[in-house]
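Participant: Structure in structure tokens, see below.
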Amino acid sequence: MRWSKSLIPTLKEDPQDAEVISHKLMVRGGFIRKLSSGVYSYLPLGFRVLEKVKNIIRQEMDAKGSQEVLLPALHPPEIWKKTGRYDILGDVLIKFKDRHGRELLLGPTHEEIVTDLVANNVKSYKELPLILYQIQTKFRDEPRPRFGVMRTSEFIMKDAYSFDCDAGALEASYKKMYEAYCKIFERCGLPFIPVEADPGMMGGSVSHEFMVLSEAGEDRIAVCLKCKYAASVEIAACKLKTKAGPAKEKILPIAQVDTPGITTIEKVSELLRVGAEKLVKTLIYKADGNVVAVLLRGDHEANETKIKNYLKAAALELADVKTIEDVTRAPVGFSGPVGLRNVRIIVDNAVGSMANFITGANKKDTHLINVNASRDFESKEFADLRMIAKDDGCPMCGKPVDVKQAIEIGHTFKLGTKYSDALGAKVLDKDGKELSAVMGCYGIGVTRILAGVIESNNDKDGIIWPLAIAPYQAIIIALNMDDKKVKEVSEDIYAKLSGAGVEVLFDDRNETAGVKFKDADLIGIPIKIVVGAKNAKKDITEVKDRRSGIVTEVAVKDIETYLKTLLG
RNA sequence: CGGGAAGUAGCGCAGCUGGCUAGCGCACCUGGUUUGGGACCAGGGGGUCGCGAGUUCGAAUCUCGCCUUCCCGACCA
């Protein structure tokens, strides 16, 4: 392709509305343009990268025997009501009415649709295992799209669904997909980490997220450098440093202290000159409408996923001010477990081993000191309810873990029979008995892969695409198109390489050398073929590696062979 | 949805304490000189100053309302 004929609108300056590096570079390099919040156009370069990634996905999915399909984006709501997810997804679903007043929604994911397809068309165990996948645009009304294509309301996803006769067979399908995912991400040049994760609204038991470490990531994962344990902080179990049980400290008499206007852990800890670890915070939640008090050590962070899972609640949110005041009969900031009536109290394990701690007094401007669980309030329910933090013990080996920011690029789930039961995806087994298909589902954020790759492959000059997904493998930089020899040599190389099937971009613009070098680096083409006047006269060209910067002089007549070697 | 910031040419910005014809850099068009890391000269095109109302002789500038975008939080497959 000739640059002069391409739509590659590069920018010298960072766009005003971009924060993270991948977003800035994708816009500056002319890969994407924003239409509205969370909605992007992919320009020719961006489109080419997407196609490369899709093809890698197709190859690896096909290699595992899964079959590509294309399911509709337009869904009738009834099918979503059958599984209950019409309400669970709520405002995430983009809904509207057709001319007949019939409601329709745009597919945010396709468990319901694919299960319905299988329910209607697969009848025998002999047809299983079956894995179907598609690459398609998903629509989700995101509360807050951000960071370029990292989180958008419209995005391309590869989603796959496996159907098996039993748990053992699901295990085999799940393993296949897991392997395919590792290959896909490796080929895309992503330094990924598979972690254990929470299945969330998808349901099911086991789930893995495929993460790419990045400051720009929206998720946090706990990683152990010692034993390779890695898990989403949402599910990483918190080990107690000391055994639970009665505290060894001498129990002191409970007392009130005045804390006027002191409503936060930091301020209480400052006023009373004790560390936050001596405080217990009482968070009032609403779980499916029921009020619950959650007790956590002052320096610990609540883990709403664990709380939700413990309570088996579908929805969990911090209670509003009015509810808190009703329940505690005190302003927000003075909640405590002592005297809290008619409220279920659940206690984080770490609080179980504390003695003589400080809590709110359920009374304005007052806290309590020397509170002790068994003596001062009823505490029957203990559980792991907090978020793991840096230097907490690894759940596997006990050594300190690190907590890092990461981008989720893939997610796999063992779903079980949740969807097949709801939608009647049953087959007859050997004995003629009906059984519900045991399902798994497997997603890859195709558009998000681009962001992930750029986040982990860039330098001050721009993107450094891994060869496998670069929009072009090589770029010919003709330093001066007015120089007859330069033009002749670069045209010659362009013809040769194009003929040899090399994906090559020919920068034939009437721009200065500087502009061409800067643009080539910005858009991240792995191999630069520089044609300058001096070398052209000698029928020599320079081949420069984008990542290493290493330059090799190559005779024009050998360029085709040389490139083929480089490209493997 | 709560908190914060911002909307002036395609992009990045200045102007804004009430005053002339709305300006700068980049990009774009024409001609010329250039060409090894974001060239130079000359000429030129491009604007409902986010939208609406109000105050005023006069509003990009002041007031109010709305919209949009970004950041933090909530939410998140």
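Ordered as shown in the structure tokens, chains take letters A, B, and onward, while each chain numbers its residues from 1 and ligands are numbered from 1 in the order shown.
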Could you give me, as JSON lines, a per-residue list for chain B showing, wherever an atom lies at most 10 Å from an atom of chain A, the closest pair of atoms and their distance in Å to one decimal, using only C-alpha atoms (C1' of nucleotides) and sorting by chain then residue number from low to high?

Facilitator:
{"residue": "B:C1", "atom": "C1'", "partner": "A:Pro143", "partner_atom": "CA", "distance": 9.2}
{"residue": "B:A6", "atom": "C1'", "partner": "A:Asp17", "partner_atom": "CA", "distance": 9.5}
{"residue": "B:C11", "atom": "C1'", "partner": "A:Leu11", "partner_atom": "CA", "distance": 7.0}
{"residue": "B:G12", "atom": "C1'", "partner": "A:Glu13", "partner_atom": "CA", "distance": 6.3}
{"residue": "B:C26", "atom": "C1'", "partner": "A:Lys12", "partner_atom": "CA", "distance": 7.7}
{"residue": "B:A27", "atom": "C1'", "partner": "A:Leu11", "partner_atom": "CA", "distance": 8.7}
{"residue": "B:U34", "atom": "C1'", "partner": "A:Thr512", "partner_atom": "CA", "distance": 8.8}
{"residue": "B:U35", "atom": "C1'", "partner": "A:Thr512", "partner_atom": "CA", "distance": 5.2}
{"residue": "B:G36", "atom": "C1'", "partner": "A:Ala513", "partner_atom": "CA", "distance": 6.5}
{"residue": "B:G37", "atom": "C1'", "partner": "A:Gly514", "partner_atom": "CA", "distance": 4.2}
{"residue": "B:G38", "atom": "C1'", "partner": "A:Val515", "partner_atom": "CA", "distance": 4.9}
{"residue": "B:A39", "atom": "C1'", "partner": "A:Thr512", "partner_atom": "CA", "distance": 7.2}
{"residue": "B:U68", "atom": "C1'", "partner": "A:Ser36", "partner_atom": "CA", "distance": 8.9}
{"residue": "B:U69", "atom": "C1'", "partner": "A:Ser37", "partner_atom": "CA", "distance": 7.3}
{"residue": "B:C70", "atom": "C1'", "partner": "A:Asp17", "partner_atom": "CA", "distance": 5.4}
{"residue": "B:C71", "atom": "C1'", "partner": "A:Glu19", "partner_atom": "CA", "distance": 8.6}
{"residue": "B:A74", "atom": "C1'", "partner": "A:Glu317", "partner_atom": "CA", "distance": 9.0}
{"residue": "B:C75", "atom": "C1'", "partner": "A:Pro143", "partner_atom": "CA", "distance": 6.5}
{"residue": "B:C76", "atom": "C1'", "partner": "A:Glu142", "partner_atom": "CA", "distance": 7.8}
{"residue": "B:A77", "atom": "C1'", "partner": "A:Met202", "partner_atom": "CA", "distance": 6.7}

Participant: Restricting the output to C-alpha atoms (C1' of nucleotides), write the selected residues as a CSV table (one decimal), in the first residue's frame.

Facilitator:
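Saved to again.csv:
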chain,number,residue,atom,x,y,z
B,1,C,C1',-25.6,8.4,39.8
B,6,A,C1',-13.0,21.2,30.1
B,11,C,C1',-5.6,18.7,16.0
B,12,G,C1',-3.2,21.4,20.2
B,26,C,C1',0.5,22.3,13.5
B,27,A,C1',-2.4,20.3,9.5
B,34,U,C1',14.5,22.0,0.3
B,35,U,C1',15.0,16.5,1.8
B,36,G,C1',19.2,10.9,6.9
B,37,G,C1',14.9,12.2,12.6
B,38,G,C1',8.5,16.3,13.1
B,39,A,C1',12.3,22.1,6.9
B,68,U,C1',-21.2,16.9,25.3
B,69,U,C1',-16.3,15.1,26.7
B,70,C,C1',-12.5,13.6,30.2
B,71,C,C1',-10.8,12.3,35.3
B,74,A,C1',-20.0,3.8,42.3
B,75,C,C1',-20.7,-0.2,38.5
B,76,C,C1',-18.3,-3.9,35.4
B,77,A,C1',-18.8,-10.4,31.5

Participant: Mind the document's chain letters and residue numbers, and return as a ChimeraX atom specification the residues of segment 214-427 of chain A that DSSP labels alpha helix (DSSP H).

Facilitator: /A:265-271,304-311,321-328,349-352,373-376,418-423

Participant: DSSP on the backbone: which residues in segment 449-557 of chain A end up as strand (DSSP E or B)? Give the answer as a VMD selection string.

Facilitator: chain A and resid 458 to 459 462 to 463 474 to 478 504 to 507 527 to 531 540 to 545 551 to 555

Participant: Store the residues picked out above in a file with N, CA and C atoms, as a tab-separated table (two decimals), in the first residue's frame.

Facilitator:
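Contents of part_4.tsv, as written:
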chain	number	residue	atom	x	y	z
A	458	ASN	N	5.61	-0.34	23.69
A	458	ASN	CA	5.76	1.03	23.18
A	458	ASN	C	7.02	1.66	23.73
A	459	ASP	N	7.46	2.72	23.08
A	459	ASP	CA	8.55	3.51	23.64
A	459	ASP	C	8.23	4.99	23.41
A	462	GLY	N	6.65	5.78	20.00
A	462	GLY	CA	5.36	5.25	19.55
A	462	GLY	C	5.17	3.78	19.85
A	463	ILE	N	4.34	3.17	19.00
A	463	ILE	CA	3.98	1.76	19.17
A	463	ILE	C	5.08	0.87	18.62
A	474	ALA	N	6.40	-4.39	7.05
A	474	ALA	CA	7.54	-3.54	6.73
A	474	ALA	C	7.07	-2.23	6.14
A	475	ILE	N	7.90	-1.21	6.27
A	475	ILE	CA	7.60	0.08	5.66
A	475	ILE	C	8.82	0.54	4.87
A	476	ILE	N	8.58	0.96	3.64
A	476	ILE	CA	9.67	1.50	2.83
A	476	ILE	C	9.66	3.01	3.00
A	477	ILE	N	10.76	3.52	3.51
A	477	ILE	CA	10.86	4.96	3.71
A	477	ILE	C	11.74	5.54	2.61
A	478	ALA	N	11.11	6.14	1.63
A	478	ALA	CA	11.85	6.79	0.54
A	478	ALA	C	12.15	8.21	1.01
A	504	VAL	N	3.62	-4.71	2.93
A	504	VAL	CA	4.52	-3.57	2.99
A	504	VAL	C	3.79	-2.26	2.72
A	505	LEU	N	4.14	-1.29	3.53
A	505	LEU	CA	3.60	0.06	3.35
A	505	LEU	C	4.73	0.90	2.74
A	506	PHE	N	4.41	1.60	1.65
A	506	PHE	CA	5.43	2.37	0.94
A	506	PHE	C	5.19	3.85	1.22
A	507	ASP	N	6.09	4.45	2.01
A	507	ASP	CA	5.92	5.87	2.31
A	507	ASP	C	6.50	6.69	1.16
A	527	ILE	N	9.56	-3.45	10.68
A	527	ILE	CA	10.77	-3.37	9.86
A	527	ILE	C	10.74	-2.12	8.99
A	528	LYS	N	11.77	-1.29	9.12
A	528	LYS	CA	11.87	-0.11	8.29
A	528	LYS	C	12.91	-0.34	7.21
A	529	ILE	N	12.54	-0.05	5.97
A	529	ILE	CA	13.49	-0.18	4.88
A	529	ILE	C	13.75	1.24	4.39
A	530	VAL	N	14.95	1.75	4.69
A	530	VAL	CA	15.24	3.15	4.41
A	530	VAL	C	15.99	3.29	3.09
A	531	VAL	N	15.45	4.08	2.20
A	531	VAL	CA	16.11	4.32	0.91
A	531	VAL	C	16.54	5.79	0.85
A	540	ILE	N	22.07	0.13	-2.49
A	540	ILE	CA	22.04	-0.43	-1.13
A	540	ILE	C	20.89	0.21	-0.37
A	541	THR	N	20.31	-0.55	0.54
A	541	THR	CA	19.26	-0.01	1.40
A	541	THR	C	19.56	-0.38	2.84
A	542	GLU	N	18.95	0.36	3.75
A	542	GLU	CA	19.15	0.05	5.17
A	542	GLU	C	17.88	-0.57	5.71
A	543	VAL	N	18.06	-1.66	6.44
A	543	VAL	CA	16.92	-2.29	7.09
A	543	VAL	C	17.07	-2.08	8.59
A	544	LYS	N	16.08	-1.41	9.17
A	544	LYS	CA	16.19	-1.06	10.58
A	544	LYS	C	15.07	-1.68	11.39
A	545	ASP	N	15.44	-2.32	12.49
A	545	ASP	CA	14.48	-2.98	13.36
A	545	ASP	C	13.86	-1.97	14.31
A	551	VAL	N	20.55	-1.59	12.69
A	551	VAL	CA	20.51	-1.30	11.26
A	551	VAL	C	21.37	-2.30	10.49
A	552	THR	N	20.85	-2.81	9.39
A	552	THR	CA	21.61	-3.73	8.54
A	552	THR	C	21.58	-3.19	7.11
A	553	GLU	N	22.75	-3.11	6.48
A	553	GLU	CA	22.78	-2.70	5.08
A	553	GLU	C	22.53	-3.91	4.20
A	554	VAL	N	21.60	-3.76	3.28
A	554	VAL	CA	21.24	-4.88	2.42
A	554	VAL	C	21.23	-4.39	0.97
A	555	ALA	N	21.85	-5.17	0.08
A	555	ALA	CA	21.83	-4.82	-1.33
A	555	ALA	C	20.40	-4.94	-1.85

Participant: Just give me the gap between atom CA of Leu252 of chain A and atom CA of Ser374 of chain A in Å, one decimal is fine.

Facilitator: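 According to the coordinates, atom CA of Leu252 of chain A and atom CA of Ser374 of chain A are separated by 12.9 Å.
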
Participant: So which residues touch Ser153 of chain A within 8 Å, counting only C-alpha atoms (C1' of nucleotides), skipping near sequence neighbours fewer than 3 positions away, as a ChimeraX atom specification?

Facilitator: /A:38-39,138-142,145

Participant: Let's have the selection written as a PDB file, in the first residue's frame, with N, CA and C atoms.

Facilitator:
ATOM      1  N   GLY A  38     -17.049   6.119  24.351  1.00  0.00           N
ATOM      2  CA  GLY A  38     -17.106   4.663  24.320  1.00  0.00           C
ATOM      3  C   GLY A  38     -17.460   4.068  22.979  1.00  0.00           C
ATOM      4  N   VAL A  39     -17.400   4.870  21.917  1.00  0.00           N
ATOM      5  CA  VAL A  39     -17.736   4.380  20.578  1.00  0.00           C
ATOM      6  C   VAL A  39     -16.665   4.852  19.594  1.00  0.00           C
ATOM      7  N   LYS A 138     -20.231  -6.573  20.464  1.00  0.00           N
ATOM      8  CA  LYS A 138     -21.126  -6.626  21.627  1.00  0.00           C
ATOM      9  C   LYS A 138     -21.514  -5.205  22.024  1.00  0.00           C
ATOM     10  N   PHE A 139     -22.673  -5.102  22.614  1.00  0.00           N
ATOM     11  CA  PHE A 139     -23.159  -3.781  23.029  1.00  0.00           C
ATOM     12  C   PHE A 139     -23.498  -3.783  24.514  1.00  0.00           C
ATOM     13  N   ARG A 140     -22.890  -2.886  25.227  1.00  0.00           N
ATOM     14  CA  ARG A 140     -23.197  -2.768  26.655  1.00  0.00           C
ATOM     15  C   ARG A 140     -23.260  -1.299  27.025  1.00  0.00           C
ATOM     16  N   ASP A 141     -24.315  -0.946  27.700  1.00  0.00           N
ATOM     17  CA  ASP A 141     -24.459   0.445  28.129  1.00  0.00           C
ATOM     18  C   ASP A 141     -23.581   0.635  29.361  1.00  0.00           C
ATOM     19  N   GLU A 142     -22.308   0.910  29.111  1.00  0.00           N
ATOM     20  CA  GLU A 142     -21.334   1.046  30.188  1.00  0.00           C
ATOM     21  C   GLU A 142     -21.617   2.298  31.003  1.00  0.00           C
ATOM     22  N   PRO A 145     -17.504   4.432  30.132  1.00  0.00           N
ATOM     23  CA  PRO A 145     -16.496   3.988  29.175  1.00  0.00           C
ATOM     24  C   PRO A 145     -15.216   4.775  29.442  1.00  0.00           C
TER      25      PRO A 145
END

Participant: Show me, as a ChimeraX atom specification, the residues that have an atom within 7 Å of segment 66-73 of chain A when counting only C-alpha atoms (C1' of nucleotides), minus same-chain residues fewer than 3 positions from it.

Facilitator: /A:61-62,106-107,131-134

Participant: What's the 12 Å shell around C72 of chain B, counting only C-alpha atoms (C1' of nucleotides), without same-chain residues fewer than 6 positions away, as a list in words?

Facilitator: Arg144 of chain A; G2, G3, G4 and A5 of chain B

Participant: Those residues you just picked out, can you put them in a file as a short mmCIF file (atom, residue, chain, number, x, y, z; two decimals), in the first residue's frame with N, CA and C atoms (P, O5', C5', C4', C3', O3' and C1' of nucleotides)?

Facilitator:
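Okay, this is what ended up in selection-v8.cif:
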data_model
loop_
_atom_site.label_atom_id
_atom_site.label_comp_id
_atom_site.auth_asym_id
_atom_site.auth_seq_id
_atom_site.Cartn_x
_atom_site.Cartn_y
_atom_site.Cartn_z
N ARG A 144 -19.48 3.86 32.61
CA ARG A 144 -18.37 4.78 32.38
C ARG A 144 -17.32 4.20 31.43
P G B 2 -26.17 13.09 40.57
"O5'" G B 2 -25.00 12.82 41.62
"C5'" G B 2 -25.25 12.95 43.02
"C4'" G B 2 -23.95 12.75 43.79
"C3'" G B 2 -22.82 13.72 43.43
"O3'" G B 2 -22.93 14.95 44.10
"C1'" G B 2 -21.98 11.52 43.40
P G B 3 -22.43 16.28 43.37
"O5'" G B 3 -20.84 16.14 43.44
"C5'" G B 3 -20.17 16.25 44.69
"C4'" G B 3 -18.69 16.03 44.50
"C3'" G B 3 -18.02 16.92 43.46
"O3'" G B 3 -17.73 18.22 43.95
"C1'" G B 3 -17.34 14.69 43.12
P G B 4 -17.78 19.47 42.92
"O5'" G B 4 -16.48 19.24 42.02
"C5'" G B 4 -15.19 19.48 42.56
"C4'" G B 4 -14.12 19.04 41.58
"C3'" G B 4 -14.03 19.81 40.27
"O3'" G B 4 -13.39 21.06 40.40
"C1'" G B 4 -13.86 17.50 39.84
P A B 5 -13.81 22.27 39.42
"O5'" A B 5 -13.14 21.85 38.04
"C5'" A B 5 -11.73 21.88 37.88
"C4'" A B 5 -11.34 21.26 36.56
"C3'" A B 5 -11.82 21.98 35.31
"O3'" A B 5 -11.01 23.10 34.98
"C1'" A B 5 -12.21 19.67 35.09
#

Participant: Nearest to Asn342 of chain A: which of A:Thr282, A:Asn290, A:Thr366, A:Thr447 is it, counting only C-alpha atoms?

Facilitator: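 Of the candidates, the smallest distance to Asn342 of chain A is held by A:Asn290.
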
Participant: If we count only C-alpha atoms (C1' of nucleotides) and set the cut-off at 8 Å, which residues sit around Thr263 of chain A, ignoring sequence neighbours fewer than 4 positions away in its own chain? Please answer as a ChimeraX atom specification.

Facilitator: /A:267-268,332-334

Participant: With only C-alpha atoms (C1' of nucleotides) as the counted atoms, please give the residues lying no more than 12 Å from A14 of chain B, apart from itself and same-chain residues fewer than 6 positions off, as JSON, numbers by chain.

Facilitator: {"B": [8, 22, 23, 24, 25]}

Participant: Go through A:Ser214, A:Ser456, A:Ser269, A:Gln256 and flag the residue nearest Asn370 of chain A, using only C-alpha atoms for the distances.

Facilitator: A:Gln256

Participant: Tell me which of A:Leu435, A:Leu170, A:Ala231, A:Ile469 sits closest to Glu186 of chain A, counting only C-alpha atoms.

Facilitator: A:Ile469

Participant: Mind giving me the straight-line distance from atom CA of Thr259 of chain A to atom CA of Phe382 of chain A in Å, one decimal?

Facilitator: 28.6 Å

Participant: Taking only C-alpha atoms into account, which of A:Tyr472, A:Phe357, A:Tyr419, A:Tyr40 comes nearest Ile156 of chain A?

Facilitator: A:Tyr40

Participant: Would you work out the distance separating atom CA of Gly445 of chain A from atom CA of Ala160 of chain A, expressed in Å to one decimal?

Facilitator: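 Answer for the atom CA of Gly445 of chain A to atom CA of Ala160 of chain A separation: 11.9 Å.
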